[in-house]
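Chemist: Take a look at this one; I'll ask things after.
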Amino acid sequence: MNNTIDPFDSFFTASTKPEPIDFSSIAKTLQNLNDTAFDFIVAGNIDSAQESLQSIATTFTKNPDGLTNPDFRLQQGRYFNILGVKHWMQQQFHQAFLHYTTALEIFEILGNDRYVALVCNNIANLQRNLGNYKSAIDYFKISVEKLEVLDDADNLSKTYLNLGILYQTLDLSEFAEETLLKALHLAEKINHQDTIASCYQHLSIQARRKKEFELSQEFALKALEIFRQFHNKVGEIETMSSLANNLYALGLFEDSINKYFEIIAFANEPQFKSQLANTYFNIAGSLQALLIQQKPLPALEHDYGHYAQLAYSIADEQDDIALKADACKVLAEYNDSKSSFEQSVQYYKEYLLLLKEQQRNESKASAEQFQLETTLAALEKKSLLEQATLKATNDLLFKVVPEPVAKRLISGETPIADYIPSLSVIFTDMVGFTSIAKSKEPSILVSELNETFSQIDRLAKEYSIEKIKTIGDAYMAVSFDLPNEEHHSCRIIRFALAIIDSVKTSFQFRVGIHSGPVVAGVIGLERFSYDLWGDTVNVAQRLEATSETSTVHISEQTYLLVKDTFECKFVGKTALKGIGLVNTYHVIREKLTQLT
């Protein structure tokens with residue numbers, strides 16, 4: 001019989017004795033096991049980490065009374081946090097979130113703000129990767145608040161860096177730059193070189209987005225120098241990509257291709273597959289750009305479809321939905337250009353499915369979905385819109401759709417589908433039209449309608465407003481942001497007031513206006529038209545329906561844009577059909593300060 005006692009088990013034999021167990025001593029053993037497990041996870045050795053984690057779990061099972069000891073309880077919180085890291089690295093995001101929230105609850109009970117901050121940072125990063133951006137920002141802010149009180153410059157700089165990257169992802173340029181500079185300042189203060197390099201790398205991206213290419217190059221080179229000094233190969237690859245992307249942004253496509261191939265030669269290890277996939281995709285983009293510009297292509301063995309396919313294959317293998325979607329789109333365009341319509345359709349369909357799976361910005365996704373569905377229709381059956389473009393005269397097109405859209409149609413661009421982040425929509429309606437129409441001869445009624453709409457058309461031209469359509473006695477128009485023009489919200493208010501004050505007709509008007517994003521495009525196969533979709537259109541229509549006679553009824557979003565220019569009266573909560581209660585306003589007049 002083997003009487004050998006496992007050393008770890010023997011540690012707990014005292015629990016059967018009357019003497020009290022030294023849970024603080026056990027906590028130190030747990031601390032060592034936690035540290036070991038975490039080190040293994042960071043090194044990518046999940047199997048060895050699992051052995052330490054199993055030992056920790058066994059300890060908790062054998063010592064339920066230990067949870068009354070703060071040191072013991074602290075190590076339990078660390079254990080769940082490390083489990084969260086392990087599951088995240090294994091892409092088991094649901095389990096990771098559950099373990100993180102368990103750890104957070106333990107640290108909050110213990111009142112340990114440092115660990116609360118660290119776990120909140122982990123949860124925020126997880127939520128960011130899942131696309132839950134609002135939740136991520138909330139957790140980052142909790143982490144920042146705790147770390148600022150603790151004066152923990154090291155972790156605070158890292159948290160600011162993560163928050164800055166999130167703002168960058170959301171294209172909130174001002175917030176991103178401000179937060180990244182905070183992270184850089186703190187990291188330089190404590191000489192944390194890795195964080196400094198990461199800050200420079202992302203500041204390089206910010207500068208490129210602002211078209212400050214020299215500054216972007218300067219930041220990227222600083223980051224690259226530090227990453228190389230500390231042999232941070234991931235940082236080196238990402239910064240080399242940033243330098244190549246600068247060349248792409250400057251239109252130096254062949255130079256960017258050469259730089260991307262340097263990355264391929266450098267990132268030749270299995271753990272850099274995701275960086276390799278992005279590089280292949282960027283090569284495809286550069287080659288495609290050269291092709292579009294009809295510039296000489298570099299002496300490469302394959303065309304851009306080959307590199308898009310390489311990117312697609314790795315993205316598919318690693319389940320990188322975003323990159324796979326981008327690659328699908330390029331492959332669809334590539335096959336379309338080669339007249340391989342069946343393959344093009346398949347890639348467009350897959351792109352559409354991947355977009356839905358991503359579940360990111362809903363408005364942008366709607367625009368992409370609309371564009372894709374239109375493209376699929378054009379590929380699966382001949383696009384009558386293209387035929388109409390060939391047959392229509394320029395004058396007819398300019399009357400049917402806005403001038404910029406007409407030019408795009410004439411140049412052969414199809415489909416026309418755009419996401420417009422900000423404009424103003426107006427609906428006007430003639431009060432009591434139905435009863436008036438019953439009392440008039442059809443010819444007289446049509447004549448009066450024509451004269452009324454013609455007067456409104458002339459005002460639209462005067463205020464640079466784009467008429468979309470008339471629907472019975474209703475008139476729909478939009479105001480876009482135009483260069484050297486007043487903001488779209490102010491122009492559409494002036495247009496609305498002019499309708500009420502200047503249109504000479506037997507009709508009186510109700511007006512509704514709302515500002516926000518829309519999806520806009522050309523629809524229809526025979527009598528095609530330019531139209532807009534989205535909540536912005538629906539809200540404007542509901543505001544008109546609930547407006548009073550000879551009144552301009554606007555949403556709170558529009559009010560916030562025009563409040564410094566126009567005097568408005570708060571109506572209160574207005575019930576809009578299908579939307580609910582919203583704050584609305586009546587426009588009274590232009591402010592005297594503006595008039596003087």
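Identifiers for the structure tokens are assigned positionally: chains receive A, B, ... in sequence, residues are indexed from 1 per chain, and ligands are indexed from 1 in the order shown.
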Residues within 8 Å of A:Lys222, please, as a ChimeraX atom specification. Count only C-alpha atoms; anything in the same chain fewer than 3 positions from it doesn't count.
Modeler: /A:197,200,218-219,225-226
Chemist: Sort by chain and increasing residue number a table of all residues of stretch 409-481 of chain A within 10 Å of stretch 546-570 of chain A, each with its closest pair of atoms and their distance in Å to one decimal, counting only C-alpha atoms, and write it as a tab-separated table.
Modeler:
```
residue	atom	partner	partner_atom	distance
A:Leu423	CA	A:Thr558	CA	9.8
A:Ser424	CA	A:Thr558	CA	7.8
A:Val425	CA	A:Thr558	CA	9.9
A:Ile426	CA	A:Ile554	CA	9.2
A:Phe427	CA	A:Val552	CA	10.0
A:Thr428	CA	A:Val552	CA	9.1
A:Asp429	CA	A:Thr549	CA	9.5
A:Met430	CA	A:Thr549	CA	8.9
A:Val431	CA	A:Thr549	CA	6.8
A:Gly432	CA	A:Thr549	CA	9.9
```
Chemist: Using only C-alpha atoms for the distances, tell me which of A:Ser422, A:Cys328, A:Leu221, A:Glu108 is nearest to A:Leu353.
Modeler: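 With only C-alpha atoms as the atom set, the closest residue is A:Cys328.
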Chemist: Considering only C-alpha atoms, return as a PDB file with all heavy atoms, in the first residue's frame whatever protein or nucleic-acid residues lie within 12 Å of stretch 438-445 of chain A, sequence-local ones (same chain, fewer than 4 positions apart) excluded.
Modeler:
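Written file, selection.pdb:
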```
ATOM      1  N   GLY A 432     -55.959  71.009 -44.542  1.00  0.00           N
ATOM      2  CA  GLY A 432     -57.321  70.862 -45.048  1.00  0.00           C
ATOM      3  C   GLY A 432     -57.405  70.580 -46.531  1.00  0.00           C
ATOM      4  O   GLY A 432     -58.425  70.856 -47.176  1.00  0.00           O
ATOM      5  N   PHE A 433     -56.356  70.004 -47.087  1.00  0.00           N
ATOM      6  CA  PHE A 433     -56.310  69.793 -48.542  1.00  0.00           C
ATOM      7  C   PHE A 433     -57.439  68.870 -49.007  1.00  0.00           C
ATOM      8  O   PHE A 433     -58.052  69.113 -50.053  1.00  0.00           O
ATOM      9  CB  PHE A 433     -54.954  69.201 -48.933  1.00  0.00           C
ATOM     10  CG  PHE A 433     -54.853  68.857 -50.390  1.00  0.00           C
ATOM     11  CD1 PHE A 433     -54.596  69.839 -51.334  1.00  0.00           C
ATOM     12  CD2 PHE A 433     -55.040  67.543 -50.829  1.00  0.00           C
ATOM     13  CE1 PHE A 433     -54.519  69.518 -52.686  1.00  0.00           C
ATOM     14  CE2 PHE A 433     -54.958  67.220 -52.172  1.00  0.00           C
ATOM     15  CZ  PHE A 433     -54.699  68.218 -53.105  1.00  0.00           C
ATOM     16  N   THR A 434     -57.705  67.804 -48.248  1.00  0.00           N
ATOM     17  CA  THR A 434     -58.720  66.827 -48.688  1.00  0.00           C
ATOM     18  C   THR A 434     -60.080  67.478 -48.888  1.00  0.00           C
ATOM     19  O   THR A 434     -60.755  67.263 -49.906  1.00  0.00           O
ATOM     20  CB  THR A 434     -58.831  65.688 -47.666  1.00  0.00           C
ATOM     21  OG1 THR A 434     -57.541  65.086 -47.505  1.00  0.00           O
ATOM     22  CG2 THR A 434     -59.813  64.627 -48.141  1.00  0.00           C
ATOM     23  N   LEU A 449     -52.102  73.428 -57.367  1.00  0.00           N
ATOM     24  CA  LEU A 449     -51.003  72.634 -56.803  1.00  0.00           C
ATOM     25  C   LEU A 449     -49.694  72.932 -57.538  1.00  0.00           C
ATOM     26  O   LEU A 449     -48.637  73.101 -56.928  1.00  0.00           O
ATOM     27  CB  LEU A 449     -51.317  71.138 -56.907  1.00  0.00           C
ATOM     28  CG  LEU A 449     -52.160  70.513 -55.799  1.00  0.00           C
ATOM     29  CD1 LEU A 449     -52.479  69.070 -56.150  1.00  0.00           C
ATOM     30  CD2 LEU A 449     -51.433  70.577 -54.462  1.00  0.00           C
ATOM     31  N   ASN A 450     -49.794  72.992 -58.866  1.00  0.00           N
ATOM     32  CA  ASN A 450     -48.599  73.245 -59.669  1.00  0.00           C
ATOM     33  C   ASN A 450     -47.989  74.599 -59.342  1.00  0.00           C
ATOM     34  O   ASN A 450     -46.765  74.733 -59.185  1.00  0.00           O
ATOM     35  CB  ASN A 450     -48.954  73.167 -61.157  1.00  0.00           C
ATOM     36  CG  ASN A 450     -47.739  73.423 -62.038  1.00  0.00           C
ATOM     37  OD1 ASN A 450     -46.755  72.696 -61.985  1.00  0.00           O
ATOM     38  ND2 ASN A 450     -47.808  74.486 -62.840  1.00  0.00           N
ATOM     39  N   GLU A 451     -48.830  75.611 -59.202  1.00  0.00           N
ATOM     40  CA  GLU A 451     -48.338  76.946 -58.886  1.00  0.00           C
ATOM     41  C   GLU A 451     -47.718  76.979 -57.491  1.00  0.00           C
ATOM     42  O   GLU A 451     -46.661  77.584 -57.281  1.00  0.00           O
ATOM     43  CB  GLU A 451     -49.492  77.960 -58.989  1.00  0.00           C
ATOM     44  CG  GLU A 451     -49.117  79.377 -58.564  1.00  0.00           C
ATOM     45  CD  GLU A 451     -47.943  79.950 -59.361  1.00  0.00           C
ATOM     46  OE1 GLU A 451     -47.760  79.567 -60.532  1.00  0.00           O
ATOM     47  OE2 GLU A 451     -47.193  80.775 -58.778  1.00  0.00           O
ATOM     48  N   THR A 452     -48.377  76.306 -56.542  1.00  0.00           N
ATOM     49  CA  THR A 452     -47.856  76.278 -55.166  1.00  0.00           C
ATOM     50  C   THR A 452     -46.493  75.599 -55.110  1.00  0.00           C
ATOM     51  O   THR A 452     -45.531  76.132 -54.537  1.00  0.00           O
ATOM     52  CB  THR A 452     -48.839  75.540 -54.242  1.00  0.00           C
ATOM     53  OG1 THR A 452     -50.107  76.189 -54.271  1.00  0.00           O
ATOM     54  CG2 THR A 452     -48.316  75.520 -52.805  1.00  0.00           C
ATOM     55  N   GLY A 472     -48.728  63.624 -53.049  1.00  0.00           N
ATOM     56  CA  GLY A 472     -50.034  64.258 -52.919  1.00  0.00           C
ATOM     57  C   GLY A 472     -49.847  65.750 -52.682  1.00  0.00           C
ATOM     58  O   GLY A 472     -49.293  66.466 -53.520  1.00  0.00           O
ATOM     59  N   ASP A 473     -50.295  66.228 -51.514  1.00  0.00           N
ATOM     60  CA  ASP A 473     -50.155  67.653 -51.191  1.00  0.00           C
ATOM     61  C   ASP A 473     -48.940  67.908 -50.294  1.00  0.00           C
ATOM     62  O   ASP A 473     -48.763  69.012 -49.787  1.00  0.00           O
ATOM     63  CB  ASP A 473     -51.422  68.154 -50.494  1.00  0.00           C
ATOM     64  CG  ASP A 473     -51.689  67.415 -49.192  1.00  0.00           C
ATOM     65  OD1 ASP A 473     -51.476  66.186 -49.155  1.00  0.00           O
ATOM     66  OD2 ASP A 473     -52.089  68.063 -48.218  1.00  0.00           O
ATOM     67  N   THR A 505     -50.728  81.578 -52.032  1.00  0.00           N
ATOM     68  CA  THR A 505     -51.598  80.470 -52.406  1.00  0.00           C
ATOM     69  C   THR A 505     -52.821  80.484 -51.510  1.00  0.00           C
ATOM     70  O   THR A 505     -52.852  81.183 -50.485  1.00  0.00           O
ATOM     71  CB  THR A 505     -50.842  79.135 -52.270  1.00  0.00           C
ATOM     72  OG1 THR A 505     -51.713  78.067 -52.619  1.00  0.00           O
ATOM     73  CG2 THR A 505     -50.340  78.943 -50.863  1.00  0.00           C
ATOM     74  N   SER A 506     -53.809  79.702 -51.880  1.00  0.00           N
ATOM     75  CA  SER A 506     -55.010  79.583 -51.044  1.00  0.00           C
ATOM     76  C   SER A 506     -54.811  78.584 -49.916  1.00  0.00           C
ATOM     77  O   SER A 506     -55.687  78.404 -49.079  1.00  0.00           O
ATOM     78  CB  SER A 506     -56.200  79.162 -51.912  1.00  0.00           C
ATOM     79  OG  SER A 506     -55.921  77.922 -52.550  1.00  0.00           O
ATOM     80  N   PHE A 507     -53.653  77.909 -49.920  1.00  0.00           N
ATOM     81  CA  PHE A 507     -53.379  76.886 -48.912  1.00  0.00           C
ATOM     82  C   PHE A 507     -52.554  77.459 -47.765  1.00  0.00           C
ATOM     83  O   PHE A 507     -51.763  78.395 -47.936  1.00  0.00           O
ATOM     84  CB  PHE A 507     -52.618  75.710 -49.530  1.00  0.00           C
ATOM     85  CG  PHE A 507     -53.345  75.030 -50.653  1.00  0.00           C
ATOM     86  CD1 PHE A 507     -52.898  75.174 -51.963  1.00  0.00           C
ATOM     87  CD2 PHE A 507     -54.479  74.273 -50.411  1.00  0.00           C
ATOM     88  CE1 PHE A 507     -53.560  74.547 -53.005  1.00  0.00           C
ATOM     89  CE2 PHE A 507     -55.145  73.644 -51.448  1.00  0.00           C
ATOM     90  CZ  PHE A 507     -54.696  73.793 -52.753  1.00  0.00           C
TER      91      PHE A 507
END
```
Chemist: With only C-alpha atoms as the atoms that count, which of A:Ile314, A:Ile436, A:Leu30, A:Leu184 lies nearest to A:Gly66?
Modeler: A:Leu30
Chemist: Which of these, A:Gly285, A:Lys233, A:Ser274, A:Tyr133, has the shortest distance to A:Tyr248 once you count only C-alpha atoms?
Modeler: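 Closest to A:Tyr248, using only C-alpha atoms: A:Gly285.
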Chemist: Name the residues of stretch 9-246 of chain A that come out as alpha helix (DSSP H) in a backbone DSSP run; write them as a ChimeraX atom specification.
Modeler: /A:9-10,23-42,46-62,70-89,93-110,113-129,133-150,153-169,173-189,193-209,213-229,233-246
Chemist: Can you list, as a ChimeraX atom specification, every protein, DNA or RNA residue that comes within 12 Å of A:Asp138 when you count only C-alpha atoms, leaving out same-chain residues fewer than 2 positions away?
Modeler: /A:117,120-121,123-125,127-128,132-136,140-145,163,166
Chemist: Return the single residue from A:Asp154, A:Asp255, A:Ile137, A:Tyr260 that is closest to A:Ile190, with distances computed using only C-alpha atoms.
Modeler: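 Closest residue, counting only C-alpha atoms: A:Asp154.
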Chemist: Fewer than 2 positions away in the same chain doesn't count, so skip those; otherwise give me all residues within 12 Å of A:Ile264, counting only C-alpha atoms, as an MDAnalysis selection string.
Modeler: chainID A and resid 237:238 240:241 257:262 266:270 272:283 307
Chemist: Could you save the residues just selected, with N, CA and C atoms, as a compact mmCIF listing (two decimals), in the first residue's frame?
Modeler:
```txt
# COMPACT_ATOMS: atom_id res chain seq x y z
N ILE A 237 5.75 45.26 -36.22
CA ILE A 237 4.92 44.95 -37.40
C ILE A 237 3.82 45.98 -37.56
N GLU A 238 3.15 46.32 -36.45
CA GLU A 238 2.04 47.27 -36.53
C GLU A 238 2.53 48.65 -36.93
N MET A 240 5.35 49.29 -38.70
CA MET A 240 5.73 49.20 -40.11
C MET A 240 4.48 49.32 -41.00
N SER A 241 3.38 48.72 -40.56
CA SER A 241 2.11 48.84 -41.30
C SER A 241 1.65 50.30 -41.34
N ILE A 257 3.39 49.18 -51.51
CA ILE A 257 3.47 47.73 -51.79
C ILE A 257 4.83 47.20 -51.35
N ASN A 258 5.89 47.92 -51.69
CA ASN A 258 7.24 47.49 -51.29
C ASN A 258 7.36 47.39 -49.77
N LYS A 259 6.77 48.37 -49.07
CA LYS A 259 6.82 48.36 -47.61
C LYS A 259 6.01 47.19 -47.04
N TYR A 260 4.85 46.90 -47.66
CA TYR A 260 4.03 45.77 -47.19
C TYR A 260 4.79 44.45 -47.37
N PHE A 261 5.56 44.33 -48.46
CA PHE A 261 6.33 43.10 -48.66
C PHE A 261 7.46 42.97 -47.64
N GLU A 262 7.98 44.10 -47.15
CA GLU A 262 8.96 44.06 -46.06
C GLU A 262 8.32 43.44 -44.81
N PHE A 266 9.18 39.99 -42.69
CA PHE A 266 9.50 40.12 -41.27
C PHE A 266 8.56 39.27 -40.40
N ALA A 267 7.27 39.24 -40.78
CA ALA A 267 6.25 38.53 -39.99
C ALA A 267 6.12 37.10 -40.47
N ASN A 268 7.19 36.33 -40.35
CA ASN A 268 7.22 34.99 -40.92
C ASN A 268 7.03 33.88 -39.89
N GLU A 269 6.40 34.22 -38.76
CA GLU A 269 6.15 33.23 -37.72
C GLU A 269 4.65 33.02 -37.56
N PRO A 270 4.23 31.81 -37.15
CA PRO A 270 2.79 31.49 -37.11
C PRO A 270 1.95 32.45 -36.27
N PHE A 272 1.99 35.50 -36.08
CA PHE A 272 1.73 36.79 -36.73
C PHE A 272 0.79 36.64 -37.92
N LYS A 273 0.00 35.57 -37.92
CA LYS A 273 -0.87 35.31 -39.07
C LYS A 273 -1.89 36.44 -39.30
N SER A 274 -2.44 36.96 -38.21
CA SER A 274 -3.45 38.02 -38.38
C SER A 274 -2.84 39.27 -39.00
N GLN A 275 -1.60 39.63 -38.55
CA GLN A 275 -0.92 40.78 -39.15
C GLN A 275 -0.61 40.51 -40.62
N LEU A 276 -0.27 39.26 -40.93
CA LEU A 276 0.03 38.87 -42.31
C LEU A 276 -1.21 39.02 -43.18
N ALA A 277 -2.36 38.60 -42.64
CA ALA A 277 -3.61 38.70 -43.40
C ALA A 277 -3.93 40.15 -43.74
N ASN A 278 -3.78 41.05 -42.75
CA ASN A 278 -4.03 42.47 -43.00
C ASN A 278 -3.07 43.02 -44.05
N THR A 279 -1.82 42.55 -44.02
CA THR A 279 -0.83 43.03 -44.99
C THR A 279 -1.20 42.57 -46.40
N TYR A 280 -1.61 41.31 -46.54
CA TYR A 280 -2.06 40.83 -47.86
C TYR A 280 -3.22 41.68 -48.37
N PHE A 281 -4.15 42.00 -47.47
CA PHE A 281 -5.31 42.80 -47.87
C PHE A 281 -4.87 44.20 -48.32
N ASN A 282 -3.90 44.78 -47.61
CA ASN A 282 -3.42 46.10 -47.98
C ASN A 282 -2.69 46.09 -49.33
N ILE A 283 -1.98 45.00 -49.61
CA ILE A 283 -1.34 44.87 -50.93
C ILE A 283 -2.41 44.84 -52.02
N TYR A 307 -4.04 38.41 -53.75
CA TYR A 307 -3.70 38.82 -52.39
C TYR A 307 -4.96 38.98 -51.53
```
Chemist: Ranking A:Leu74, A:Ala249, A:Ala223, A:Ile41 by minimum distance to A:Ser24 and counting only C-alpha atoms, which one comes first?
Modeler: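 Selected residue with least distance to A:Ser24: A:Leu74.
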Chemist: Hey, which of A:Gln508, A:Thr102, A:Thr574, A:Asn34 ends up closest to A:Gln54? Count only C-alpha atoms.
Modeler: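 That would be A:Asn34, the residue with the smallest distance to A:Gln54.
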Chemist: Write out as a list in words each polymer residue whose atoms come within 9 Å of A:Arg114, counting only C-alpha atoms; drop sequence neighbours fewer than 2 positions from it.
Modeler: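 Those residues are Phe107, Gly111, Asn112, Val116, Ala117, Leu118, Val119, Ser143, Lys146, Leu147, Leu150 and Asp152 of chain A.
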Chemist: Generate a file of the selected residues that holds C-alpha atoms, formatted as an mmCIF file, in the first residue's frame.
Modeler:
```
data_model
loop_
_atom_site.group_PDB
_atom_site.id
_atom_site.type_symbol
_atom_site.label_atom_id
_atom_site.label_comp_id
_atom_site.auth_asym_id
_atom_site.auth_seq_id
_atom_site.Cartn_x
_atom_site.Cartn_y
_atom_site.Cartn_z
ATOM 1 C CA PHE A 107 -12.987 43.041 -5.261
ATOM 2 C CA GLY A 111 -13.120 47.433 -1.185
ATOM 3 C CA ASN A 112 -9.929 46.854 -3.201
ATOM 4 C CA VAL A 116 -11.601 46.878 -9.255
ATOM 5 C CA ALA A 117 -9.857 49.245 -11.683
ATOM 6 C CA LEU A 118 -7.809 46.458 -13.284
ATOM 7 C CA VAL A 119 -10.805 44.157 -13.790
ATOM 8 C CA SER A 143 -11.094 52.251 -14.119
ATOM 9 C CA LYS A 146 -10.241 54.582 -9.402
ATOM 10 C CA LEU A 147 -6.658 54.782 -10.696
ATOM 11 C CA LEU A 150 -4.854 55.811 -6.272
ATOM 12 C CA ASP A 152 -1.342 54.665 -10.098
#
```
Chemist: In Å to one decimal, how far is atom CA of A:Ala437 from atom CA of A:Ala474?
Modeler: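 Interatomic distance here is 13.7 Å.
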Chemist: From a DSSP pass on the backbone, collect the residues of stretch 434-520 of chain A flagged as strand (DSSP E) and hand them back as a list of chain:residue names.
Modeler: A:Glu466, A:Lys467, A:Ile468, A:Lys469, A:Thr470, A:Ile471, A:Ala474, A:Tyr475, A:Met476, A:Ala477, A:Val478, A:Ser479, A:Phe509, A:Arg510, A:Val511, A:Gly512, A:Ile513, A:His514, A:Ser515, A:Gly516, A:Pro517, A:Val518, A:Val519, A:Ala520
Chemist: Set the distance at 9 Å and use only C-alpha atoms: which residues neighbour A:Glu333 once local chain neighbours fewer than 3 positions away are removed? I'd like the list as an mmCIF file with all heavy atoms, in the first residue's frame.
Modeler:
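Output saved as out-v9.cif:
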```cif
data_model
loop_
_atom_site.group_PDB
_atom_site.id
_atom_site.type_symbol
_atom_site.label_atom_id
_atom_site.label_comp_id
_atom_site.auth_asym_id
_atom_site.auth_seq_id
_atom_site.Cartn_x
_atom_site.Cartn_y
_atom_site.Cartn_z
ATOM 1 N N CYS A 328 -14.049 39.801 -48.790
ATOM 2 C CA CYS A 328 -15.177 39.367 -49.642
ATOM 3 C C CYS A 328 -15.591 40.476 -50.605
ATOM 4 O O CYS A 328 -15.857 40.233 -51.785
ATOM 5 C CB CYS A 328 -16.369 38.979 -48.773
ATOM 6 S SG CYS A 328 -16.311 37.288 -48.172
ATOM 7 N N LYS A 329 -15.635 41.695 -50.086
ATOM 8 C CA LYS A 329 -16.047 42.821 -50.928
ATOM 9 C C LYS A 329 -15.066 43.025 -52.084
ATOM 10 O O LYS A 329 -15.465 43.211 -53.232
ATOM 11 C CB LYS A 329 -16.151 44.093 -50.096
ATOM 12 C CG LYS A 329 -16.707 45.279 -50.869
ATOM 13 C CD LYS A 329 -16.786 46.513 -50.000
ATOM 14 C CE LYS A 329 -17.345 47.686 -50.802
ATOM 15 N NZ LYS A 329 -17.260 48.943 -50.048
ATOM 16 N N VAL A 330 -13.768 42.987 -51.768
ATOM 17 C CA VAL A 330 -12.746 43.170 -52.810
ATOM 18 C C VAL A 330 -12.806 42.019 -53.818
ATOM 19 O O VAL A 330 -12.708 42.242 -55.034
ATOM 20 C CB VAL A 330 -11.343 43.264 -52.172
ATOM 21 C CG1 VAL A 330 -10.261 43.272 -53.251
ATOM 22 C CG2 VAL A 330 -11.233 44.516 -51.320
ATOM 23 N N ASP A 336 -16.228 40.643 -60.495
ATOM 24 C CA ASP A 336 -17.094 41.455 -61.346
ATOM 25 C C ASP A 336 -16.281 42.040 -62.502
ATOM 26 O O ASP A 336 -16.709 42.014 -63.665
ATOM 27 C CB ASP A 336 -17.716 42.575 -60.508
ATOM 28 C CG ASP A 336 -18.821 43.299 -61.265
ATOM 29 O OD1 ASP A 336 -19.241 42.818 -62.329
ATOM 30 O OD2 ASP A 336 -19.270 44.356 -60.780
ATOM 31 N N SER A 337 -15.076 42.548 -62.192
ATOM 32 C CA SER A 337 -14.223 43.143 -63.228
ATOM 33 C C SER A 337 -13.756 42.097 -64.250
ATOM 34 O O SER A 337 -13.438 42.430 -65.385
ATOM 35 C CB SER A 337 -13.003 43.818 -62.595
ATOM 36 O OG SER A 337 -12.097 42.856 -62.070
ATOM 37 N N LYS A 338 -13.705 40.830 -63.818
ATOM 38 C CA LYS A 338 -13.299 39.743 -64.710
ATOM 39 C C LYS A 338 -14.497 39.068 -65.380
ATOM 40 O O LYS A 338 -14.353 38.022 -66.020
ATOM 41 C CB LYS A 338 -12.514 38.680 -63.918
ATOM 42 C CG LYS A 338 -11.236 39.200 -63.269
ATOM 43 C CD LYS A 338 -10.201 39.582 -64.306
ATOM 44 C CE LYS A 338 -8.903 40.010 -63.646
ATOM 45 N NZ LYS A 338 -7.903 40.476 -64.620
ATOM 46 N N SER A 344 -18.881 36.572 -58.289
ATOM 47 C CA SER A 344 -19.057 37.900 -57.700
ATOM 48 C C SER A 344 -20.285 37.941 -56.809
ATOM 49 O O SER A 344 -20.257 38.465 -55.693
ATOM 50 C CB SER A 344 -19.177 38.952 -58.808
ATOM 51 O OG SER A 344 -19.337 40.233 -58.254
ATOM 52 N N TYR A 347 -19.639 36.131 -53.473
ATOM 53 C CA TYR A 347 -18.846 36.919 -52.521
ATOM 54 C C TYR A 347 -19.655 38.084 -51.956
ATOM 55 O O TYR A 347 -19.538 38.408 -50.777
ATOM 56 C CB TYR A 347 -17.575 37.444 -53.192
ATOM 57 C CG TYR A 347 -16.459 36.422 -53.231
ATOM 58 C CD1 TYR A 347 -15.939 35.968 -54.439
ATOM 59 C CD2 TYR A 347 -15.921 35.908 -52.053
ATOM 60 C CE1 TYR A 347 -14.919 35.024 -54.483
ATOM 61 C CE2 TYR A 347 -14.900 34.958 -52.082
ATOM 62 C CZ TYR A 347 -14.410 34.523 -53.293
ATOM 63 O OH TYR A 347 -13.406 33.598 -53.316
ATOM 64 N N TYR A 348 -20.483 38.717 -52.789
ATOM 65 C CA TYR A 348 -21.324 39.804 -52.276
ATOM 66 C C TYR A 348 -22.321 39.279 -51.242
ATOM 67 O O TYR A 348 -22.586 39.920 -50.224
ATOM 68 C CB TYR A 348 -22.074 40.503 -53.416
ATOM 69 C CG TYR A 348 -21.346 41.698 -53.979
ATOM 70 C CD1 TYR A 348 -20.985 41.753 -55.315
ATOM 71 C CD2 TYR A 348 -21.015 42.782 -53.169
ATOM 72 C CE1 TYR A 348 -20.307 42.841 -55.840
ATOM 73 C CE2 TYR A 348 -20.346 43.874 -53.685
ATOM 74 C CZ TYR A 348 -19.991 43.903 -55.016
ATOM 75 O OH TYR A 348 -19.324 44.983 -55.525
#
```
Chemist: Quote the spacing between atom CA of A:Leu331 and atom CA of A:Lys407 in Å to one decimal place.
Modeler: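 Value for the atom CA of A:Leu331-atom CA of A:Lys407 distance: 26.9 Å.
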